[in-house]
Protein chains: 2
Amino acid sequence: MNSQLFIYNTLKRKKELFEPLNPGRVGLYVCGPTVYGDPHLGHARPAVTFDILFRYLKYLGYKVRYVRNITDVGHLVNDADEGEDKIAKKAKLEQMEPMEVVQFYLNRYHKAMEALNVLPPSIEPHASGHIIEQIQLIKEIMAKGFAYENQGSVYFDVEKYNGQYNYGILSGRNIEDMLNTTRELEGQEEKRKAIDFALWKRASPEHIMRWPSPWSIGFPGWHLECTAMSKKYLGESFDIHGGGMDLVFPHHECEIAQSVASTGREAVRYWMHNNMVTINGQKMGKSLGNFINLTEFFNGTHSLLTQAYAPMTIRFFMLQAHYRSTVDFSNEALQASEKGLSRLLDAYKSIERITPSKEENTLKNDSITSAGELIVKSFEAINDDLNTPIVISYLFEAAKIINSALTEQCSLITEEIRDLKRFFDLFLFELLGIKDDPKDGEASYKSFAKAIDILLEIRLQAKQNKDWATSDKIRNELTALGFEIKDTKEGFEWKLNR
Amino acid sequence: MNSQLFIYNTLKRKKELFEPLNPGRVGLYVCGPTVYGDPHLGHARPAVTFDILFRYLKYLGYKVRYVRNITDVGHLVNDADEGEDKIAKKAKLEQMEPMEVVQFYLNRYHKAMEALNVLPPSIEPHASGHIIEQIQLIKEIMAKGFAYENQGSVYFDVEKYNGQYNYGILSGRNIEDMLNTTRELEGQEEKRKAIDFALWKRASPEHIMRWPSPWSIGFPGWHLECTAMSKKYLGESFDIHGGGMDLVFPHHECEIAQSVASTGREAVRYWMHNNMVTINGQKMGKSLGNFINLTEFFNGTHSLLTQAYAPMTIRFFMLQAHYRSTVDFSNEALQASEKGLSRLLDAYKSIERITPSKEENTLKNDSITSAGELIVKSFEAINDDLNTPIVISYLFEAAKIINSALTEQCSLITEEIRDLKRFFDLFLFELLGIKDDPKDGEASYKSFAKAIDILLEIRLQAKQNKDWATSDKIRNELTALGFEIKDTKEGFEWKLNR
């Protein structure tokens, strides 16, 4: 496990060698979705990014405890401390109990993640299931003097905290600037300063999601859950915390403040952030009319899409950019990815058709690298802060070698062919998490079914020509494959028994 | 919604007309799994049983809020109040955090339920996520004087409760008998009587799952979660509570006692219980070596199984028994079900091939009933406490009519054919929840792929015979279906583009 994996630590603003806190084990926490709407690219990108990390750490032999939370309470509409709870608002609109909304969208999130071949995390804790732990954390922060109560709500005292520690350490924001620029919002009179953030909110009478606490019947602030749940499941100090770059401020900055205020030290050793997604060069947003959810991508049902894109195309496309770069979705770019992925999968399937050379590899020719070199270089790339686009470029090189071997422009010995297969198996399938599932899709079933009809038409023709040999042959071969064929007045019927 | 649905109410020991508490709405609570092992038939049966109820109530137009819980804490090994927590024990064995065990088996449970086409419930609350609500309930029971604390644990005072209410009302057990026969177990000295049950348990030092409470750092008793969570999501009084018959005592009896003790009245209006599952006539049990989990059924990997059984075969087989009868699993019985289901699905697919008669139905012949009558009688059956085996027998009658029409032993007018299709669509697919998914299974993909090879062999042969017409025809037709065909030195290659 001397892996030489370097990851970019947002906190340190540089790449650092990853060394786990406890040898052989990694604690990983990633911010999951607030489940009040359909999963979209903004959910898919962190999920896929940290899926690569999860897969690679496991490949390296670490025992990884991967915690990805579900926010089902406390996330208010304006992402600050006022406005309705996002889930309660949706519940009101849909005339449902808030937890029905949570369950409905959580199920859809899980389905989409499965389609994208994102492995499930080890623990998926719900914010609403950890109110006690959150109350406990508030008590600890208050005991250290970094929070104050006002009319049943509790706020984090940012200025006081900053006097002793550094509020802005992650985001690079300067508290003086923030104090000068943060607007005092209506309804925030309870706070001493606008930059203070809520740890506990007294529930208004119409607020449905509410729990007793020492301060009021209310609900926890949004930032609290991640600090409380990561501590519960990964300990007071743990290895890696990930999430989208949009969470750096205020969410993760506040998480750090909460940890440091309660325990005196930072909990997270490596902070990792994936960059954002744009659509045709624009930020994705409901008001911009370019908000495409994952189901719409998979079915091609959004007006901006010219076709459906398989989940694997979406995954592959995202991995063709480095996770710290933005990714711009467009039909053209997705179609190129679809073709590219299909080229890789075809090449992989063709490996077994290469006739091994008994002589030397003609790879020694300088113009192409060997599979062994490609594997080494791909490890270098993935060790360099998960540089998946570079890995993919090596996979394309390998595909080129395979195609050259098939057309006999080069010749490969058995070991080389085996290495090529090993390269694809490890990097394309195991680490990048691409799957080639021939069973998928009703469309392909229909094509196959019609091909059987064609075959049976040929048999019918043969029978009419009294060519019994052909007719029997087709029948017998299909029967051996599990097809049941019935001759009828109109011609034939068939079905496939399992 | 004047449905005339009668359901057997275990509490009243008779069938009763179902009338919801609030017009147009139904609150349904079903006991879900304790997630510390692979899902098995004992999980599948209640899930399928109440899935039928859920589907039918929705069909009747009710807005159903279906809550099925996940027990992730408090369920002790001996199902009484002593022994290790089932999940903590498994976590220790597998060297995992208890919530990792929960997540692992919960994911597997969800996969199995999806394979069985069991619809997800509206809310799936976790016991560990509702500790506050459980503590609140204990306080209410204590305030009414029906619970006592001893050394940090809190017990329900069964005898005192029975003095005012009826402990045994659901199970029919007599408290005097129980007082005389219940053994005093070691480690239960804290209880005043052996029949008292735990509401809160003080955690021993090595116990991992623990929360603060007014009495001790500890964890809730097993029976508490369902009372607390059904109240939270369905209200103090709600329509239907379901579960396996093995839960009648003590679990559901204790639930009733907790509700009545805290609020003065029973929460549940209809108690429904599915009967148990046996394997080759024996109770299923790990010690008996006949414990087959669902994955083993689906893959045929248990030594007692002679083949794999598709999830739909398992579902159909369970529905061929009434939910209040035991179901005995054996290879012979499952194979008969597999054939029977396949007969129904074949008949359904053949409906479109019936040539409609322009004259009258020859169904007027006394020996067969019309589809309309079958629909009416199937509604009568499902209204009679979800009598699915009777519904299935009518589906077989319909299949017989379809087959007679195909062989021209009877003739059907267009309306009759349409009604037959409507009967299958509604009862077999929508209400019994059978799905006929032709995409399933790698096996079928392989058969199809080989059939394409056969077709291309025929084309190769035609080419060699210079029969260009045949060769081009096959190529063109396959290309139109999305197949890409390449001629190679060895013969051919093909792939299917979506």
# chains A, B, ... in the order shown; residues from 1 in each chain; ligands from 1

call {"tool": "closest_atom_pairs", "arguments": {"of": "chain A", "to": "chain B", "cutoff": "6 Å", "atoms": "only C-alpha atoms", "output": "CSV"}}
result
residue,atom,partner,partner_atom,distance
A:Glu100,CA,B:Ile123,CA,5.3
A:Gln103,CA,B:Ile123,CA,5.7
A:Ser122,CA,B:Glu100,CA,5.4
A:Ile123,CA,B:Glu100,CA,5.3
A:Gly129,CA,B:Gly129,CA,3.4
A:Ser444,CA,B:Arg498,CA,5.7
A:Ser447,CA,B:Leu481,CA,5.3
A:Leu481,CA,B:Ser447,CA,5.3
A:Arg498,CA,B:Ser444,CA,5.8

call {"tool": "atom_distance", "arguments": {"atom1": "atom CA of Asn387 of chain B", "atom2": "atom CA of Asn275 of chain B"}}
result
13.6 Å

call {"tool": "select_by_dssp", "arguments": {"residues": "segment 118-323 of chain B", "states": "helix (DSSP H, G or I)", "output": "VMD selection string"}}
result
chain B and resid 127 to 143 158 to 164 175 to 181 224 to 234 245 to 263 286 to 288 294 to 299 311 to 319

call {"tool": "closest_atom_pairs", "arguments": {"of": "segment 13-98 of chain A", "to": "segment 329-339 of chain A", "cutoff": "12 Å", "atoms": "only C-alpha atoms", "output": "tab-separated table"}}
result
residue	atom	partner	partner_atom	distance
A:Leu41	CA	A:Phe329	CA	9.4
A:Gly42	CA	A:Phe329	CA	11.8
A:Arg45	CA	A:Phe329	CA	11.9

call {"tool": "select_by_dssp", "arguments": {"residues": "segment 202-310 of chain B", "states": "strand (DSSP E or B)", "output": "ChimeraX atom specification"}}
result
/B:202,211,218-220,238-244,268-274,277-279,282-283,293

call {"tool": "residues_around", "arguments": {"residues": "Gly74 of chain B", "least_positions_apart": "5", "cutoff": "12 Å", "atoms": "only C-alpha atoms", "output": "ChimeraX atom specification"}}
result
/B:34-35,79-89,98,126-128,130-131,134,198-203,207-211,218-226

call {"tool": "write_last_selection", "arguments": {"atoms": "C-alpha atoms", "output": "CSV table (one decimal), in the first residue's frame"}}
result
chain,number,residue,atom,x,y,z
B,34,THR,CA,-34.1,-6.5,11.0
B,35,VAL,CA,-31.2,-6.0,8.6
B,79,ASP,CA,-36.2,-11.7,20.7
B,80,ALA,CA,-36.9,-10.9,24.4
B,81,ASP,CA,-35.0,-8.4,26.5
B,82,GLU,CA,-31.6,-10.1,26.9
B,83,GLY,CA,-28.7,-11.1,24.8
B,84,GLU,CA,-26.8,-9.1,22.3
B,85,ASP,CA,-28.2,-6.8,19.7
B,86,LYS,CA,-28.6,-8.8,16.5
B,87,ILE,CA,-26.9,-6.1,14.4
B,88,ALA,CA,-24.1,-5.3,16.9
B,89,LYS,CA,-23.4,-9.1,17.1
B,98,PRO,CA,-23.1,-1.6,13.0
B,126,HIS,CA,-35.1,3.5,10.6
B,127,ALA,CA,-35.5,2.7,14.3
B,128,SER,CA,-32.1,4.3,15.1
B,130,HIS,CA,-36.2,7.9,15.8
B,131,ILE,CA,-34.7,7.6,19.2
B,134,GLN,CA,-39.1,6.6,21.3
B,198,ALA,CA,-38.0,-3.4,28.1
B,199,LEU,CA,-38.8,0.1,26.8
B,200,TRP,CA,-35.2,1.4,27.4
B,201,LYS,CA,-32.1,-0.6,28.2
B,202,ARG,CA,-29.1,0.8,29.9
B,203,ALA,CA,-26.1,0.0,27.6
B,207,HIS,CA,-22.5,-2.0,23.7
B,208,ILE,CA,-21.7,0.2,20.7
B,209,MET,CA,-25.2,1.6,19.8
B,210,ARG,CA,-26.1,4.0,22.5
B,211,TRP,CA,-27.8,7.3,23.0
B,218,GLY,CA,-28.7,3.2,26.3
B,219,PHE,CA,-31.0,2.0,23.6
B,220,PRO,CA,-34.7,1.5,23.0
B,221,GLY,CA,-36.5,-1.8,23.4
B,222,TRP,CA,-37.5,-3.6,20.2
B,223,HIS,CA,-41.2,-3.2,20.4
B,224,LEU,CA,-41.1,0.6,20.9
B,225,GLU,CA,-40.0,1.7,17.4
B,226,CYS,CA,-43.1,0.6,15.6

call {"tool": "residues_around", "arguments": {"residues": "Lys283 of chain B", "least_positions_apart": "2", "cutoff": "12 Å", "atoms": "only C-alpha atoms", "output": "list in words"}}
result
Leu41, Gly42, Met276, Val277, Thr278, Ile279, Asn280, Gly281, Gly285, Lys286, Ser287, Leu288, Gly289, Asn290, Phe291, Ile292, Thr326, Val327, Asp328 and Phe329 of chain B

call {"tool": "atom_distance", "arguments": {"atom1": "atom CA of Gln4 of chain A", "atom2": "atom CA of Leu17 of chain A"}}
result
6.3 Å

call {"tool": "closest_residue", "arguments": {"among": "B:Asn180, B:Thr388, B:Asn174, B:Ser216", "to": "Ile52 of chain B", "atoms": "only C-alpha atoms"}}
result
B:Thr388

call {"tool": "atom_distance", "arguments": {"atom1": "atom CA of His302 of chain A", "atom2": "atom CA of Gly32 of chain A"}}
result
24.8 Å

call {"tool": "closest_residue", "arguments": {"among": "A:Phe396, A:Trp215, A:Phe156, A:Phe18", "to": "Met142 of chain A", "atoms": "only C-alpha atoms"}}
result
A:Phe156

call {"tool": "closest_residue", "arguments": {"among": "A:Leu28, A:Glu373, A:Thr313, A:Lys349", "to": "Trp494 of chain B", "atoms": "only C-alpha atoms"}}
result
A:Lys349

call {"tool": "residues_around", "arguments": {"residues": "segment 113-115 of chain A", "least_positions_apart": "2", "cutoff": "9 Å", "atoms": "only C-alpha atoms", "output": "list of chain:residue names"}}
result
A:Pro39, A:Ala44, A:Ala47, A:Val48, A:Arg108, A:Tyr109, A:His110, A:Lys111, A:Asn117, A:Val118, A:Leu119, A:Pro120, A:Ala310, A:Pro311, A:Met312

call {"tool": "closest_residue", "arguments": {"among": "A:Gln95, A:Ala381, A:Val158, A:Leu294", "to": "Phe6 of chain A", "atoms": "only C-alpha atoms"}}
result
A:Ala381

call {"tool": "residues_around", "arguments": {"residues": "Glu19 of chain A", "least_positions_apart": "3", "cutoff": "9 Å", "atoms": "only C-alpha atoms", "output": "MDAnalysis selection string"}}
result
chainID A and resid 4:5 16 22:23 239

call {"tool": "write_last_selection", "arguments": {"atoms": "C-alpha atoms", "output": "compact mmCIF listing (two decimals), in the first residue's frame"}}
result
# COMPACT_ATOMS: atom_id res chain seq x y z
CA GLN A 4 2.13 7.31 -3.98
CA LEU A 5 -1.39 8.60 -4.48
CA GLU A 16 -0.26 16.16 -1.20
CA ASN A 22 -4.69 4.63 10.53
CA PRO A 23 -2.57 2.26 8.46
CA ASP A 239 -8.95 11.17 6.28

call {"tool": "residues_around", "arguments": {"residues": "segment 414-427 of chain A", "least_positions_apart": "2", "cutoff": "9 Å", "atoms": "only C-alpha atoms", "output": "MDAnalysis selection string"}}
result
chainID A and resid 344 348 351:352 354:358 361 370:372 374:375 378:379 391:392 395 398:399 401:402 412 429:433

call {"tool": "write_last_selection", "arguments": {"atoms": "C-alpha atoms", "output": "PDB file, in the first residue's frame"}}
result
ATOM      1  CA  LEU A 344     -12.900   1.155 -26.490  1.00  0.00           C
ATOM      2  CA  TYR A 348     -11.725  -4.877 -25.762  1.00  0.00           C
ATOM      3  CA  ILE A 351      -8.660  -8.750 -28.073  1.00  0.00           C
ATOM      4  CA  GLU A 352      -9.494 -12.438 -28.169  1.00  0.00           C
ATOM      5  CA  ILE A 354      -5.843 -11.314 -32.181  1.00  0.00           C
ATOM      6  CA  THR A 355      -3.659 -14.119 -33.473  1.00  0.00           C
ATOM      7  CA  PRO A 356      -0.628 -14.243 -31.178  1.00  0.00           C
ATOM      8  CA  SER A 357       2.698 -13.922 -32.885  1.00  0.00           C
ATOM      9  CA  LYS A 358       5.306 -16.534 -32.100  1.00  0.00           C
ATOM     10  CA  ASN A 361       6.392  -8.041 -30.562  1.00  0.00           C
ATOM     11  CA  SER A 370       3.606  -1.707 -24.886  1.00  0.00           C
ATOM     12  CA  ALA A 371       0.609  -2.531 -22.706  1.00  0.00           C
ATOM     13  CA  GLY A 372       2.942  -2.827 -19.748  1.00  0.00           C
ATOM     14  CA  LEU A 374       0.501   1.908 -20.610  1.00  0.00           C
ATOM     15  CA  ILE A 375      -0.368   0.288 -17.283  1.00  0.00           C
ATOM     16  CA  SER A 378      -1.970   4.920 -16.142  1.00  0.00           C
ATOM     17  CA  PHE A 379      -1.022   4.274 -12.538  1.00  0.00           C
ATOM     18  CA  VAL A 391      -5.901   7.223 -18.194  1.00  0.00           C
ATOM     19  CA  ILE A 392      -8.556   7.308 -20.904  1.00  0.00           C
ATOM     20  CA  LEU A 395      -6.896   3.297 -23.159  1.00  0.00           C
ATOM     21  CA  ALA A 398      -4.293   0.488 -26.336  1.00  0.00           C
ATOM     22  CA  ALA A 399      -7.356   0.332 -28.589  1.00  0.00           C
ATOM     23  CA  ILE A 401      -2.669  -1.223 -30.776  1.00  0.00           C
ATOM     24  CA  ILE A 402      -5.438  -3.816 -30.741  1.00  0.00           C
ATOM     25  CA  LEU A 412       1.755  -9.207 -30.599  1.00  0.00           C
ATOM     26  CA  PHE A 429     -13.864  -1.660 -15.837  1.00  0.00           C
ATOM     27  CA  GLU A 430     -12.621  -1.924 -12.247  1.00  0.00           C
ATOM     28  CA  LEU A 431     -11.247   1.575 -11.635  1.00  0.00           C
ATOM     29  CA  LEU A 432     -13.183   3.800 -14.027  1.00  0.00           C
ATOM     30  CA  GLY A 433     -16.258   1.696 -13.319  1.00  0.00           C
TER      31      GLY A 433
END

call {"tool": "decode", "arguments": {"residues": "segment 447-483 of chain A", "atoms": "N, CA and C atoms", "output": "PDB file, in the first residue's frame"}}
result
ATOM      1  N   SER A 447     -34.683  -5.770 -31.509  1.00  0.00           N
ATOM      2  CA  SER A 447     -33.856  -6.099 -32.673  1.00  0.00           C
ATOM      3  C   SER A 447     -33.569  -7.591 -32.721  1.00  0.00           C
ATOM      4  N   PHE A 448     -33.227  -8.140 -31.555  1.00  0.00           N
ATOM      5  CA  PHE A 448     -32.952  -9.571 -31.511  1.00  0.00           C
ATOM      6  C   PHE A 448     -34.193 -10.371 -31.897  1.00  0.00           C
ATOM      7  N   ALA A 449     -35.338  -9.978 -31.344  1.00  0.00           N
ATOM      8  CA  ALA A 449     -36.557 -10.727 -31.622  1.00  0.00           C
ATOM      9  C   ALA A 449     -36.863 -10.714 -33.115  1.00  0.00           C
ATOM     10  N   LYS A 450     -36.643  -9.552 -33.736  1.00  0.00           N
ATOM     11  CA  LYS A 450     -36.928  -9.486 -35.175  1.00  0.00           C
ATOM     12  C   LYS A 450     -35.921 -10.311 -35.977  1.00  0.00           C
ATOM     13  N   ALA A 451     -34.692 -10.401 -35.486  1.00  0.00           N
ATOM     14  CA  ALA A 451     -33.697 -11.227 -36.174  1.00  0.00           C
ATOM     15  C   ALA A 451     -34.113 -12.700 -36.136  1.00  0.00           C
ATOM     16  N   ILE A 452     -34.724 -13.117 -35.037  1.00  0.00           N
ATOM     17  CA  ILE A 452     -35.230 -14.497 -34.951  1.00  0.00           C
ATOM     18  C   ILE A 452     -36.332 -14.694 -35.997  1.00  0.00           C
ATOM     19  N   ASP A 453     -37.189 -13.677 -36.148  1.00  0.00           N
ATOM     20  CA  ASP A 453     -38.229 -13.764 -37.175  1.00  0.00           C
ATOM     21  C   ASP A 453     -37.608 -13.962 -38.567  1.00  0.00           C
ATOM     22  N   ILE A 454     -36.549 -13.193 -38.833  1.00  0.00           N
ATOM     23  CA  ILE A 454     -35.876 -13.318 -40.140  1.00  0.00           C
ATOM     24  C   ILE A 454     -35.389 -14.753 -40.344  1.00  0.00           C
ATOM     25  N   LEU A 455     -34.774 -15.294 -39.303  1.00  0.00           N
ATOM     26  CA  LEU A 455     -34.245 -16.641 -39.366  1.00  0.00           C
ATOM     27  C   LEU A 455     -35.363 -17.653 -39.623  1.00  0.00           C
ATOM     28  N   LEU A 456     -36.498 -17.444 -38.965  1.00  0.00           N
ATOM     29  CA  LEU A 456     -37.598 -18.394 -39.146  1.00  0.00           C
ATOM     30  C   LEU A 456     -38.297 -18.198 -40.493  1.00  0.00           C
ATOM     31  N   GLU A 457     -38.215 -16.988 -41.028  1.00  0.00           N
ATOM     32  CA  GLU A 457     -38.729 -16.774 -42.392  1.00  0.00           C
ATOM     33  C   GLU A 457     -37.895 -17.578 -43.384  1.00  0.00           C
ATOM     34  N   ILE A 458     -36.582 -17.576 -43.161  1.00  0.00           N
ATOM     35  CA  ILE A 458     -35.698 -18.351 -44.027  1.00  0.00           C
ATOM     36  C   ILE A 458     -36.058 -19.828 -43.947  1.00  0.00           C
ATOM     37  N   ARG A 459     -36.329 -20.274 -42.708  1.00  0.00           N
ATOM     38  CA  ARG A 459     -36.711 -21.669 -42.536  1.00  0.00           C
ATOM     39  C   ARG A 459     -38.025 -21.972 -43.267  1.00  0.00           C
ATOM     40  N   LEU A 460     -38.988 -21.050 -43.155  1.00  0.00           N
ATOM     41  CA  LEU A 460     -40.274 -21.221 -43.809  1.00  0.00           C
ATOM     42  C   LEU A 460     -40.076 -21.358 -45.324  1.00  0.00           C
ATOM     43  N   GLN A 461     -39.212 -20.478 -45.848  1.00  0.00           N
ATOM     44  CA  GLN A 461     -38.896 -20.498 -47.271  1.00  0.00           C
ATOM     45  C   GLN A 461     -38.281 -21.845 -47.667  1.00  0.00           C
ATOM     46  N   ALA A 462     -37.350 -22.299 -46.802  1.00  0.00           N
ATOM     47  CA  ALA A 462     -36.686 -23.574 -47.081  1.00  0.00           C
ATOM     48  C   ALA A 462     -37.703 -24.705 -47.118  1.00  0.00           C
ATOM     49  N   LYS A 463     -38.657 -24.668 -46.166  1.00  0.00           N
ATOM     50  CA  LYS A 463     -39.690 -25.707 -46.139  1.00  0.00           C
ATOM     51  C   LYS A 463     -40.516 -25.693 -47.417  1.00  0.00           C
ATOM     52  N   GLN A 464     -40.855 -24.463 -47.847  1.00  0.00           N
ATOM     53  CA  GLN A 464     -41.659 -24.353 -49.064  1.00  0.00           C
ATOM     54  C   GLN A 464     -40.891 -24.873 -50.273  1.00  0.00           C
ATOM     55  N   ASN A 465     -39.561 -24.723 -50.215  1.00  0.00           N
ATOM     56  CA  ASN A 465     -38.715 -25.253 -51.292  1.00  0.00           C
ATOM     57  C   ASN A 465     -38.371 -26.723 -51.085  1.00  0.00           C
ATOM     58  N   LYS A 466     -38.970 -27.290 -50.060  1.00  0.00           N
ATOM     59  CA  LYS A 466     -38.701 -28.681 -49.688  1.00  0.00           C
ATOM     60  C   LYS A 466     -37.220 -28.933 -49.396  1.00  0.00           C
ATOM     61  N   ASP A 467     -36.542 -27.896 -48.949  1.00  0.00           N
ATOM     62  CA  ASP A 467     -35.141 -28.015 -48.532  1.00  0.00           C
ATOM     63  C   ASP A 467     -35.142 -28.398 -47.056  1.00  0.00           C
ATOM     64  N   TRP A 468     -35.455 -29.662 -46.793  1.00  0.00           N
ATOM     65  CA  TRP A 468     -35.659 -30.095 -45.400  1.00  0.00           C
ATOM     66  C   TRP A 468     -34.384 -30.008 -44.576  1.00  0.00           C
ATOM     67  N   ALA A 469     -33.255 -30.180 -45.236  1.00  0.00           N
ATOM     68  CA  ALA A 469     -31.991 -30.122 -44.500  1.00  0.00           C
ATOM     69  C   ALA A 469     -31.843 -28.757 -43.811  1.00  0.00           C
ATOM     70  N   THR A 470     -32.004 -27.685 -44.604  1.00  0.00           N
ATOM     71  CA  THR A 470     -31.879 -26.342 -44.040  1.00  0.00           C
ATOM     72  C   THR A 470     -32.947 -26.092 -42.982  1.00  0.00           C
ATOM     73  N   SER A 471     -34.149 -26.441 -43.317  1.00  0.00           N
ATOM     74  CA  SER A 471     -35.263 -26.190 -42.397  1.00  0.00           C
ATOM     75  C   SER A 471     -35.039 -26.899 -41.060  1.00  0.00           C
ATOM     76  N   ASP A 472     -34.639 -28.152 -41.110  1.00  0.00           N
ATOM     77  CA  ASP A 472     -34.409 -28.890 -39.860  1.00  0.00           C
ATOM     78  C   ASP A 472     -33.219 -28.344 -39.092  1.00  0.00           C
ATOM     79  N   LYS A 473     -32.192 -27.964 -39.847  1.00  0.00           N
ATOM     80  CA  LYS A 473     -30.992 -27.462 -39.199  1.00  0.00           C
ATOM     81  C   LYS A 473     -31.333 -26.214 -38.352  1.00  0.00           C
ATOM     82  N   ILE A 474     -32.037 -25.293 -38.961  1.00  0.00           N
ATOM     83  CA  ILE A 474     -32.389 -24.061 -38.233  1.00  0.00           C
ATOM     84  C   ILE A 474     -33.217 -24.399 -37.000  1.00  0.00           C
ATOM     85  N   ARG A 475     -34.181 -25.266 -37.212  1.00  0.00           N
ATOM     86  CA  ARG A 475     -35.041 -25.638 -36.095  1.00  0.00           C
ATOM     87  C   ARG A 475     -34.232 -26.267 -34.963  1.00  0.00           C
ATOM     88  N   ASN A 476     -33.370 -27.209 -35.333  1.00  0.00           N
ATOM     89  CA  ASN A 476     -32.613 -27.918 -34.295  1.00  0.00           C
ATOM     90  C   ASN A 476     -31.654 -26.988 -33.558  1.00  0.00           C
ATOM     91  N   GLU A 477     -31.002 -26.146 -34.319  1.00  0.00           N
ATOM     92  CA  GLU A 477     -30.048 -25.246 -33.667  1.00  0.00           C
ATOM     93  C   GLU A 477     -30.748 -24.268 -32.719  1.00  0.00           C
ATOM     94  N   LEU A 478     -31.863 -23.725 -33.163  1.00  0.00           N
ATOM     95  CA  LEU A 478     -32.593 -22.805 -32.284  1.00  0.00           C
ATOM     96  C   LEU A 478     -33.131 -23.533 -31.050  1.00  0.00           C
ATOM     97  N   THR A 479     -33.622 -24.716 -31.255  1.00  0.00           N
ATOM     98  CA  THR A 479     -34.145 -25.493 -30.133  1.00  0.00           C
ATOM     99  C   THR A 479     -33.053 -25.724 -29.090  1.00  0.00           C
ATOM    100  N   ALA A 480     -31.845 -26.029 -29.606  1.00  0.00           N
ATOM    101  CA  ALA A 480     -30.731 -26.267 -28.683  1.00  0.00           C
ATOM    102  C   ALA A 480     -30.413 -25.019 -27.860  1.00  0.00           C
ATOM    103  N   LEU A 481     -30.710 -23.847 -28.407  1.00  0.00           N
ATOM    104  CA  LEU A 481     -30.437 -22.599 -27.684  1.00  0.00           C
ATOM    105  C   LEU A 481     -31.567 -22.236 -26.722  1.00  0.00           C
ATOM    106  N   GLY A 482     -32.614 -23.046 -26.699  1.00  0.00           N
ATOM    107  CA  GLY A 482     -33.708 -22.777 -25.758  1.00  0.00           C
ATOM    108  C   GLY A 482     -34.918 -22.145 -26.411  1.00  0.00           C
ATOM    109  N   PHE A 483     -34.882 -22.010 -27.745  1.00  0.00           N
ATOM    110  CA  PHE A 483     -36.058 -21.451 -28.417  1.00  0.00           C
ATOM    111  C   PHE A 483     -37.082 -22.555 -28.645  1.00  0.00           C
TER     112      PHE A 483
END
